[in-house]
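File shown: my_file07.cif. Contents: mmCIF, C-alpha atoms, pLDDT in the B column; chains and numbers go by the auth columns.
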```cif
data_structure
loop_
_atom_site.group_PDB
_atom_site.id
_atom_site.type_symbol
_atom_site.label_atom_id
_atom_site.label_comp_id
_atom_site.label_asym_id
_atom_site.label_seq_id
_atom_site.Cartn_x
_atom_site.Cartn_y
_atom_site.Cartn_z
_atom_site.B_iso_or_equiv
_atom_site.auth_seq_id
_atom_site.auth_asym_id
ATOM 1 C CA MET A 1 108.424 88.234 83.821 60.00 1 A
ATOM 2 C CA THR A 2 111.739 89.964 84.448 62.00 2 A
ATOM 3 C CA LEU A 3 113.723 88.659 87.391 63.00 3 A
ATOM 4 C CA ASP A 4 113.470 91.754 89.566 70.00 4 A
ATOM 5 C CA GLY A 5 111.241 93.101 92.337 63.00 5 A
ATOM 6 C CA ASP A 6 108.854 95.009 90.102 81.00 6 A
ATOM 7 C CA GLY A 7 108.497 92.053 87.767 90.00 7 A
ATOM 8 C CA LEU A 8 107.664 89.767 90.662 92.00 8 A
ATOM 9 C CA GLU A 9 105.127 92.230 92.106 93.00 9 A
ATOM 10 C CA HIS A 10 103.336 92.482 88.765 95.00 10 A
ATOM 11 C CA ALA A 11 103.353 88.680 88.426 96.00 11 A
ATOM 12 C CA ILE A 12 101.891 88.303 91.920 97.00 12 A
ATOM 13 C CA VAL A 13 99.074 90.706 91.097 97.00 13 A
ATOM 14 C CA ARG A 14 98.473 89.197 87.651 97.00 14 A
ATOM 15 C CA HIS A 15 98.329 85.610 88.867 97.00 15 A
ATOM 16 C CA CYS A 16 97.478 85.810 92.564 98.00 16 A
ATOM 17 C CA SER A 17 95.087 88.718 93.221 97.00 17 A
ATOM 18 C CA PRO A 18 92.346 86.427 94.613 97.00 18 A
ATOM 19 C CA THR A 19 94.792 85.280 97.293 97.00 19 A
ATOM 20 C CA LEU A 20 96.005 88.818 97.969 96.00 20 A
ATOM 21 C CA VAL A 21 92.471 89.898 98.853 95.00 21 A
ATOM 22 C CA GLY A 22 91.621 86.719 100.770 95.00 22 A
ATOM 23 C CA ILE A 23 89.072 84.995 98.531 96.00 23 A
ATOM 24 C CA LYS A 24 91.379 82.083 97.580 97.00 24 A
ATOM 25 C CA PRO A 25 93.831 80.289 99.894 98.00 25 A
ATOM 26 C CA ALA A 26 96.708 80.035 97.434 98.00 26 A
ATOM 27 C CA CYS A 27 97.811 80.729 93.878 98.00 27 A
ATOM 28 C CA LEU A 28 100.744 79.394 91.900 97.00 28 A
ATOM 29 C CA PHE A 29 102.702 80.797 88.968 97.00 29 A
ATOM 30 C CA ASN A 30 105.843 79.944 87.048 96.00 30 A
ATOM 31 C CA VAL A 31 108.987 82.067 86.756 96.00 31 A
ATOM 32 C CA PRO A 32 110.557 80.996 83.427 94.00 32 A
ATOM 33 C CA GLY A 33 114.144 79.794 83.330 94.00 33 A
ATOM 34 C CA ASP A 34 116.294 76.894 84.388 95.00 34 A
ATOM 35 C CA PHE A 35 116.196 76.629 88.172 95.00 35 A
ATOM 36 C CA SER A 36 117.261 73.016 88.449 91.00 36 A
ATOM 37 C CA PRO A 37 119.921 72.442 91.125 88.00 37 A
ATOM 38 C CA SER A 38 123.318 72.921 89.466 91.00 38 A
ATOM 39 C CA PRO A 39 126.295 75.268 89.694 91.00 39 A
ATOM 40 C CA ALA A 40 125.195 76.943 86.455 90.00 40 A
ATOM 41 C CA THR A 41 121.812 77.986 87.888 93.00 41 A
ATOM 42 C CA ARG A 42 122.946 78.879 91.418 94.00 42 A
ATOM 43 C CA LEU A 43 123.139 82.634 90.771 94.00 43 A
ATOM 44 C CA ARG A 44 119.712 82.784 89.103 94.00 44 A
ATOM 45 C CA SER A 45 118.168 80.857 91.975 95.00 45 A
ATOM 46 C CA ALA A 46 119.833 83.094 94.560 95.00 46 A
ATOM 47 C CA ARG A 47 118.517 86.207 92.791 95.00 47 A
ATOM 48 C CA LEU A 48 114.994 84.806 92.878 96.00 48 A
ATOM 49 C CA ASP A 49 115.336 84.029 96.585 96.00 49 A
ATOM 50 C CA ALA A 50 116.414 87.622 97.258 96.00 50 A
ATOM 51 C CA ILE A 51 113.460 89.001 95.291 96.00 51 A
ATOM 52 C CA ILE A 52 111.055 86.698 97.144 96.00 52 A
ATOM 53 C CA GLU A 53 112.523 87.861 100.449 96.00 53 A
ATOM 54 C CA ARG A 54 111.941 91.514 99.491 95.00 54 A
ATOM 55 C CA ALA A 55 108.359 90.739 98.473 95.00 55 A
ATOM 56 C CA ASN A 56 107.735 89.121 101.859 97.00 56 A
ATOM 57 C CA GLY A 57 109.212 92.205 103.478 96.00 57 A
ATOM 58 C CA ARG A 58 106.729 94.380 101.628 94.00 58 A
ATOM 59 C CA LEU A 59 103.947 92.057 102.771 96.00 59 A
ATOM 60 C CA ALA A 60 105.075 92.051 106.420 94.00 60 A
ATOM 61 C CA GLY A 61 102.143 92.478 108.763 93.00 61 A
ATOM 62 C CA THR A 62 99.678 90.984 106.300 95.00 62 A
ATOM 63 C CA SER A 63 98.540 87.361 106.200 95.00 63 A
ATOM 64 C CA VAL A 64 100.099 86.759 102.782 97.00 64 A
ATOM 65 C CA HIS A 65 103.316 84.844 102.251 98.00 65 A
ATOM 66 C CA VAL A 66 105.384 84.128 99.125 98.00 66 A
ATOM 67 C CA ARG A 67 107.700 81.137 98.661 98.00 67 A
ATOM 68 C CA VAL A 68 109.435 79.170 95.954 97.00 68 A
ATOM 69 C CA LEU A 69 107.571 75.879 96.009 97.00 69 A
ATOM 70 C CA ALA A 70 109.615 73.979 93.415 96.00 70 A
ATOM 71 C CA ARG A 71 112.697 74.595 91.283 96.00 71 A
ATOM 72 C CA ARG A 72 112.697 72.881 87.907 94.00 72 A
ATOM 73 C CA SER A 73 114.538 73.054 84.608 93.00 73 A
ATOM 74 C CA CYS A 74 111.393 74.567 83.074 92.00 74 A
ATOM 75 C CA GLY A 75 110.963 77.277 85.720 94.00 75 A
ATOM 76 C CA ALA A 76 110.508 78.014 89.408 96.00 76 A
ATOM 77 C CA LEU A 77 107.002 77.581 90.791 97.00 77 A
ATOM 78 C CA VAL A 78 106.157 80.415 93.179 98.00 78 A
ATOM 79 C CA LEU A 79 103.335 79.973 95.681 98.00 79 A
ATOM 80 C CA VAL A 80 101.473 82.964 97.112 98.00 80 A
ATOM 81 C CA TYR A 81 99.319 81.863 100.022 98.00 81 A
ATOM 82 C CA ARG A 82 97.566 82.772 103.235 98.00 82 A
ATOM 83 C CA PRO A 83 98.779 80.150 105.727 97.00 83 A
ATOM 84 C CA GLN A 84 95.746 80.277 108.016 97.00 84 A
ATOM 85 C CA LEU A 85 93.277 80.182 105.138 97.00 85 A
ATOM 86 C CA LEU A 86 95.183 77.360 103.435 98.00 86 A
ATOM 87 C CA ALA A 87 95.428 75.344 106.654 98.00 87 A
ATOM 88 C CA ARG A 88 91.689 75.726 107.193 97.00 88 A
ATOM 89 C CA SER A 89 90.971 74.595 103.632 97.00 89 A
ATOM 90 C CA LEU A 90 93.203 71.519 103.885 98.00 90 A
ATOM 91 C CA SER A 91 91.852 70.599 107.333 97.00 91 A
ATOM 92 C CA VAL A 92 88.308 69.954 106.074 97.00 92 A
ATOM 93 C CA SER A 93 87.670 66.340 107.023 97.00 93 A
ATOM 94 C CA HIS A 94 87.377 64.696 103.584 97.00 94 A
ATOM 95 C CA VAL A 95 90.231 66.795 102.157 98.00 95 A
ATOM 96 C CA ALA A 96 92.551 65.923 105.044 98.00 96 A
ATOM 97 C CA THR A 97 91.641 62.233 104.811 98.00 97 A
ATOM 98 C CA THR A 98 92.476 62.152 101.114 97.00 98 A
ATOM 99 C CA LEU A 99 95.740 64.015 101.612 98.00 99 A
ATOM 100 C CA ARG A 100 96.788 61.547 104.304 97.00 100 A
ATOM 101 C CA THR A 101 96.248 58.658 101.877 96.00 101 A
ATOM 102 C CA TRP A 102 98.676 60.464 99.556 95.00 102 A
ATOM 103 C CA GLY A 103 101.309 60.704 102.274 95.00 103 A
ATOM 104 C CA TYR A 104 100.733 64.252 103.546 97.00 104 A
ATOM 105 C CA GLU A 105 100.721 65.389 107.137 95.00 105 A
ATOM 106 C CA THR A 106 97.489 67.175 108.073 96.00 106 A
ATOM 107 C CA SER A 107 97.910 67.723 111.812 94.00 107 A
ATOM 108 C CA GLY A 108 100.517 68.293 114.479 95.00 108 A
ATOM 109 C CA PRO A 109 103.154 71.016 114.886 95.00 109 A
ATOM 110 C CA GLY A 110 104.452 72.330 111.581 96.00 110 A
ATOM 111 C CA TRP A 111 102.174 70.147 109.487 98.00 111 A
ATOM 112 C CA LEU A 112 101.405 72.806 106.866 98.00 112 A
ATOM 113 C CA GLU A 113 105.089 73.506 106.251 97.00 113 A
ATOM 114 C CA ALA A 114 105.730 69.759 105.958 98.00 114 A
ATOM 115 C CA ALA A 115 102.843 69.387 103.501 98.00 115 A
ATOM 116 C CA LEU A 116 104.146 72.236 101.334 98.00 116 A
ATOM 117 C CA GLU A 117 107.644 70.757 101.392 97.00 117 A
ATOM 118 C CA ARG A 118 106.260 67.396 100.238 97.00 118 A
ATOM 119 C CA LEU A 119 104.215 69.035 97.478 97.00 119 A
ATOM 120 C CA GLY A 120 107.319 70.889 96.282 96.00 120 A
ATOM 121 C CA VAL A 121 109.347 67.685 96.179 95.00 121 A
ATOM 122 C CA ARG A 122 106.609 65.913 94.247 94.00 122 A
ATOM 123 C CA LEU A 123 106.426 68.772 91.746 94.00 123 A
ATOM 124 C CA GLU A 124 110.170 68.588 91.194 91.00 124 A
ATOM 125 C CA GLN A 125 110.150 64.800 90.879 86.00 125 A
ATOM 126 C CA ARG A 126 107.239 64.812 88.465 71.00 126 A
ATOM 127 C CA SER A 127 108.953 67.442 86.327 61.00 127 A
ATOM 128 C CA SER A 128 112.146 65.407 86.144 52.00 128 A
ATOM 129 C CA ARG A 129 110.286 62.277 85.025 51.00 129 A
ATOM 130 C CA GLU A 130 107.634 63.682 82.730 50.00 130 A
ATOM 131 C CA SER A 131 106.712 66.789 80.787 46.00 131 A
ATOM 132 C CA SER A 132 106.824 70.238 82.336 40.00 132 A
ATOM 133 C CA ARG A 133 103.018 70.382 82.048 49.00 133 A
ATOM 134 C CA SER A 134 102.553 67.434 84.415 61.00 134 A
ATOM 135 C CA PHE A 135 101.451 68.209 87.978 78.00 135 A
ATOM 136 C CA PRO A 136 100.627 66.006 90.950 90.00 136 A
ATOM 137 C CA HIS A 137 96.831 65.929 91.092 88.00 137 A
ATOM 138 C CA GLU A 138 96.670 67.063 94.715 94.00 138 A
ATOM 139 C CA VAL A 139 97.987 70.505 93.804 96.00 139 A
ATOM 140 C CA GLY A 140 94.367 71.471 93.102 97.00 140 A
ATOM 141 C CA LEU A 141 93.460 70.940 96.754 98.00 141 A
ATOM 142 C CA PHE A 142 96.286 73.265 97.820 98.00 142 A
ATOM 143 C CA LEU A 143 95.002 75.898 95.390 98.00 143 A
ATOM 144 C CA GLY A 144 91.479 75.776 96.805 97.00 144 A
ATOM 145 C CA TYR A 145 89.797 74.012 93.901 98.00 145 A
ATOM 146 C CA PRO A 146 86.573 72.163 94.795 98.00 146 A
ATOM 147 C CA TYR A 147 87.251 68.705 96.159 98.00 147 A
ATOM 148 C CA ASP A 148 84.683 67.019 93.904 97.00 148 A
ATOM 149 C CA ASP A 149 86.222 68.561 90.796 98.00 149 A
ATOM 150 C CA VAL A 150 89.747 67.529 91.791 97.00 150 A
ATOM 151 C CA MET A 151 88.653 63.948 92.386 97.00 151 A
ATOM 152 C CA ALA A 152 86.578 63.849 89.174 97.00 152 A
ATOM 153 C CA PHE A 153 89.575 65.184 87.233 96.00 153 A
ATOM 154 C CA ILE A 154 91.589 62.222 88.508 94.00 154 A
ATOM 155 C CA GLU A 155 88.801 59.744 87.761 95.00 155 A
ATOM 156 C CA HIS A 156 88.210 61.048 84.234 95.00 156 A
ATOM 157 C CA GLU A 157 91.914 61.673 83.541 93.00 157 A
ATOM 158 C CA GLY A 158 91.187 65.292 82.707 93.00 158 A
ATOM 159 C CA ARG A 159 88.519 64.515 80.118 95.00 159 A
ATOM 160 C CA ASP A 160 84.723 64.929 79.938 96.00 160 A
ATOM 161 C CA TYR A 161 84.569 68.176 81.937 97.00 161 A
ATOM 162 C CA LEU A 162 81.662 70.614 81.771 97.00 162 A
ATOM 163 C CA CYS A 163 83.759 73.756 81.397 97.00 163 A
ATOM 164 C CA CYS A 164 87.259 74.956 82.065 97.00 164 A
ATOM 165 C CA GLY A 165 88.544 78.093 83.779 96.00 165 A
ATOM 166 C CA CYS A 166 91.013 78.140 86.670 95.00 166 A
ATOM 167 C CA TRP A 167 90.297 74.414 86.911 97.00 167 A
ATOM 168 C CA LYS A 168 88.317 71.789 84.995 97.00 168 A
ATOM 169 C CA VAL A 169 84.750 71.709 86.255 98.00 169 A
ATOM 170 C CA TYR A 170 82.755 68.487 86.642 98.00 170 A
ATOM 171 C CA SER A 171 79.895 69.702 88.847 96.00 171 A
ATOM 172 C CA HIS A 172 78.137 72.929 89.829 97.00 172 A
ATOM 173 C CA ARG A 173 79.013 74.617 86.554 97.00 173 A
ATOM 174 C CA GLU A 174 77.159 77.872 87.214 98.00 174 A
ATOM 175 C CA GLN A 175 78.759 78.246 90.632 97.00 175 A
ATOM 176 C CA ALA A 176 82.215 77.636 89.166 98.00 176 A
ATOM 177 C CA GLU A 177 81.679 80.108 86.325 98.00 177 A
ATOM 178 C CA ALA A 178 80.579 82.744 88.831 98.00 178 A
ATOM 179 C CA CYS A 179 83.770 82.053 90.791 98.00 179 A
ATOM 180 C CA PHE A 180 85.907 82.428 87.647 98.00 180 A
ATOM 181 C CA ALA A 181 84.205 85.741 86.900 98.00 181 A
ATOM 182 C CA ARG A 182 84.836 86.945 90.453 97.00 182 A
ATOM 183 C CA TYR A 183 88.518 86.038 90.214 98.00 183 A
ATOM 184 C CA LYS A 184 88.773 87.922 86.919 97.00 184 A
ATOM 185 C CA ARG A 185 87.109 91.047 88.342 97.00 185 A
ATOM 186 C CA CYS A 186 89.400 90.883 91.340 97.00 186 A
ATOM 187 C CA THR A 187 92.505 90.616 89.149 97.00 187 A
ATOM 188 C CA LEU A 188 91.471 93.492 86.887 97.00 188 A
ATOM 189 C CA ALA A 189 90.728 95.711 89.891 96.00 189 A
ATOM 190 C CA CYS A 190 94.051 94.905 91.569 97.00 190 A
ATOM 191 C CA GLU A 191 96.019 95.452 88.359 97.00 191 A
ATOM 192 C CA GLU A 192 94.337 98.822 87.926 97.00 192 A
ATOM 193 C CA MET A 193 95.133 99.821 91.506 97.00 193 A
ATOM 194 C CA LEU A 194 98.752 98.672 91.172 96.00 194 A
ATOM 195 C CA GLY A 195 99.038 100.827 88.077 95.00 195 A
ATOM 196 C CA ARG A 196 97.802 103.818 90.092 96.00 196 A
ATOM 197 C CA GLY A 197 100.478 103.290 92.715 96.00 197 A
ATOM 198 C CA THR A 198 98.749 101.072 95.288 96.00 198 A
ATOM 199 C CA THR A 199 101.370 98.960 97.050 95.00 199 A
ATOM 200 C CA LEU A 200 101.410 95.191 97.355 94.00 200 A
ATOM 201 C CA ARG A 201 100.881 95.544 101.100 95.00 201 A
ATOM 202 C CA GLU A 202 97.841 97.754 100.548 95.00 202 A
ATOM 203 C CA LEU A 203 96.381 95.285 98.057 95.00 203 A
ATOM 204 C CA ALA A 204 96.812 92.506 100.614 95.00 204 A
ATOM 205 C CA GLY A 205 94.617 94.510 102.968 88.00 205 A
ATOM 206 C CA LEU A 206 91.685 94.707 100.533 82.00 206 A
ATOM 207 C CA ARG A 207 89.815 91.732 101.930 71.00 207 A
ATOM 208 C CA GLY A 208 87.183 90.300 99.637 58.00 208 A
ATOM 209 C CA ALA A 209 87.603 92.830 96.812 54.00 209 A
ATOM 210 C CA ALA A 210 85.858 91.571 93.676 52.00 210 A
#
```
How does this structure look as structure tokens?
Amino acid sequence: MTLDGDGLEHAIVRHCSPTLVGIKPACLFNVPGDFSPSPATRLRSARLDAIIERANGRLAGTSVHVRVLARRSCGALVLVYRPQLLARSLSVSHVATTLRTWGYETSGPGWLEAALERLGVRLEQRSSRESSRSFPHEVGLFLGYPYDDVMAFIEHEGRDYLCCGCWKVYSHREQAEACFARYKRCTLACEEMLGRGTTLRELAGLRGAA
């Protein structure tokens, strides 16, 4: 994507339409480039921050928020999320219990912000130690993937899955494939509407479109 407002809007629609319309709590995509903390990357990072701020301005009054989750040498990870929907998803008893064992706050004032900050730090640390393709396993819970599939992915080390779409599926294959198809329909519909001049704010008001 180009580092400008239109490029970011198209990336949000291409990668995050299910969150825009409220059928997924969060989506994540990568903005290519070196965004690691250094004087050489300061201007690029500041430009991205300004573009993110404008996108949030266009989404003002909706329940959708955009933030840079992690800055890495292999790109900036941008999270598009619905805070209330994400908080509800992470507050499910077994999800919250697991997150607490991994050092995340799951209750109290500001807990969601603290959890996102910790996830961002872990993404940056993992990137600095390992390949750019390596992610902390808990990111799947933040993106609304089924708990059983996230835990099975960890147990099987990413192998022996039934099928693969937005995530690797270890149970309820037909249900997961129907979900993948719904996400795809949603994305195609939103891309078509964006091409016809529908604004990002208007797309964020299309609850449940698929």
Which residues of stretch 86-147 of chain A come within 7 Å of stretch 55-73 of chain A, and for each one, what is the closest pair of atoms and their distance in Å to one decimal, counting only C-alpha atoms, sorted by chain and residue number, as a tab-separated table?
```
residue	atom	partner	partner_atom	distance
A:Gly120	CA	A:Ala70	CA	4.8
A:Val121	CA	A:Ala70	CA	6.9
A:Leu123	CA	A:Ala70	CA	6.3
A:Glu124	CA	A:Ala70	CA	5.9
A:Ser127	CA	A:Arg72	CA	6.8
```
Item to check | Residues matched by the PyMOL selection byres ((chain A and resi 190) around 9), written as a PyMOL selection string | outcome: chain A and resi 13-14+17+21+185-189+191-195+198+203+209
Just to be explicit: take each residue in the selection above, keep C-alpha atoms, and write the result as a PDB file, keeping the file's coordinate frame.
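The result, written out as selection_34.pdb:
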```
ATOM      1  CA  VAL A  13      99.074  90.706  91.097  1.00 97.00           C
ATOM      2  CA  ARG A  14      98.473  89.197  87.651  1.00 97.00           C
ATOM      3  CA  SER A  17      95.087  88.718  93.221  1.00 97.00           C
ATOM      4  CA  VAL A  21      92.471  89.898  98.853  1.00 95.00           C
ATOM      5  CA  ARG A 185      87.109  91.047  88.342  1.00 97.00           C
ATOM      6  CA  CYS A 186      89.400  90.883  91.340  1.00 97.00           C
ATOM      7  CA  THR A 187      92.505  90.616  89.149  1.00 97.00           C
ATOM      8  CA  LEU A 188      91.471  93.492  86.887  1.00 97.00           C
ATOM      9  CA  ALA A 189      90.728  95.711  89.891  1.00 96.00           C
ATOM     10  CA  GLU A 191      96.019  95.452  88.359  1.00 97.00           C
ATOM     11  CA  GLU A 192      94.337  98.822  87.926  1.00 97.00           C
ATOM     12  CA  MET A 193      95.133  99.821  91.506  1.00 97.00           C
ATOM     13  CA  LEU A 194      98.752  98.672  91.172  1.00 96.00           C
ATOM     14  CA  GLY A 195      99.038 100.827  88.077  1.00 95.00           C
ATOM     15  CA  THR A 198      98.749 101.072  95.288  1.00 96.00           C
ATOM     16  CA  LEU A 203      96.381  95.285  98.057  1.00 95.00           C
ATOM     17  CA  ALA A 209      87.603  92.830  96.812  1.00 54.00           C
TER      18      ALA A 209
END
```
Next on the checklist: Applying 12 Å and only C-alpha atoms, which residues near stretch 152-169 of chain A remain after dropping the ones on its own chain fewer than 3 positions away? List them as a PyMOL selection string.
Outcome noted: chain A and resi 15-16+18+24+27-28+134-141+143-149+172-184
Next on the checklist: Measuring between all atoms listed in the file, which one of A:Ser171, A:Ser45, A:Gln125, A:Thr106 shows the shortest distance to A:Ser93?
Outcome noted: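 Answer, going by the shortest atom-to-atom distance: A:Thr106.
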Next on the checklist: Need to verify the contact set: stretch 110-118 of chain A, 8 Å, only C-alpha atoms, exclusion of same-chain residues closer than 5 positions in sequence. Can you return it as a count of residues only?
Outcome noted: 5
Checklist entry - What is the distance between atom CA of A:Arg54 and atom CA of A:Phe29, in Å to one decimal? => result 17.6 Å
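Counting all atoms listed in the file and comparing A:Ile12, A:Gly75, A:Asp6, A:Asp49, the residue that lies closest to A:Phe35 is A:Gly75.
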Checklist entry - Please, what distance in Å, to one decimal, runs between atom CA of A:Ala204 and atom CA of A:Leu20? => result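 Those two atoms sit 4.6 Å apart.
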Item to check | Residue nearest A:Pro32 among A:Thr19, A:Cys74, A:Glu9, A:Ala46 (counting all atoms listed in the file) | outcome: A:Cys74
Next on the checklist: One decimal, in Å: what's the spacing between atom CA of A:Pro25 and atom CA of A:Leu90?
Outcome noted: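 The value is 9.7 Å.
Across A:Val80, A:Leu8, A:Ser36, A:Arg196, the tightest approach to A:Leu48 is made by A:Leu8 when counting all atoms listed in the file.
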Checklist outcome for this item: The residue from A:Ile23, A:Pro37, A:Gly103, A:Leu119 with the smallest atom-to-atom distance to A:Tyr81, counting all atoms listed in the file, is A:Ile23
Assuming 5 Å of padding per side, give the centre and edge lengths of the axis-aligned box around every listed atom of stretch 136-144 of chain A, in Å to one decimal and as JSON.
```
{"center_x": 96.1, "center_y": 70.9, "center_z": 94.4, "size_x": 19.1, "size_y": 20.0, "size_z": 16.9}
```
Next on the checklist: Under the rule that all atoms listed in the file are counted, which of A:Val78, A:Ala50, A:Ala96, A:Leu86 is the nearest residue to A:Gly22?
Outcome noted: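 Closest to A:Gly22, using all atoms listed in the file: A:Leu86.
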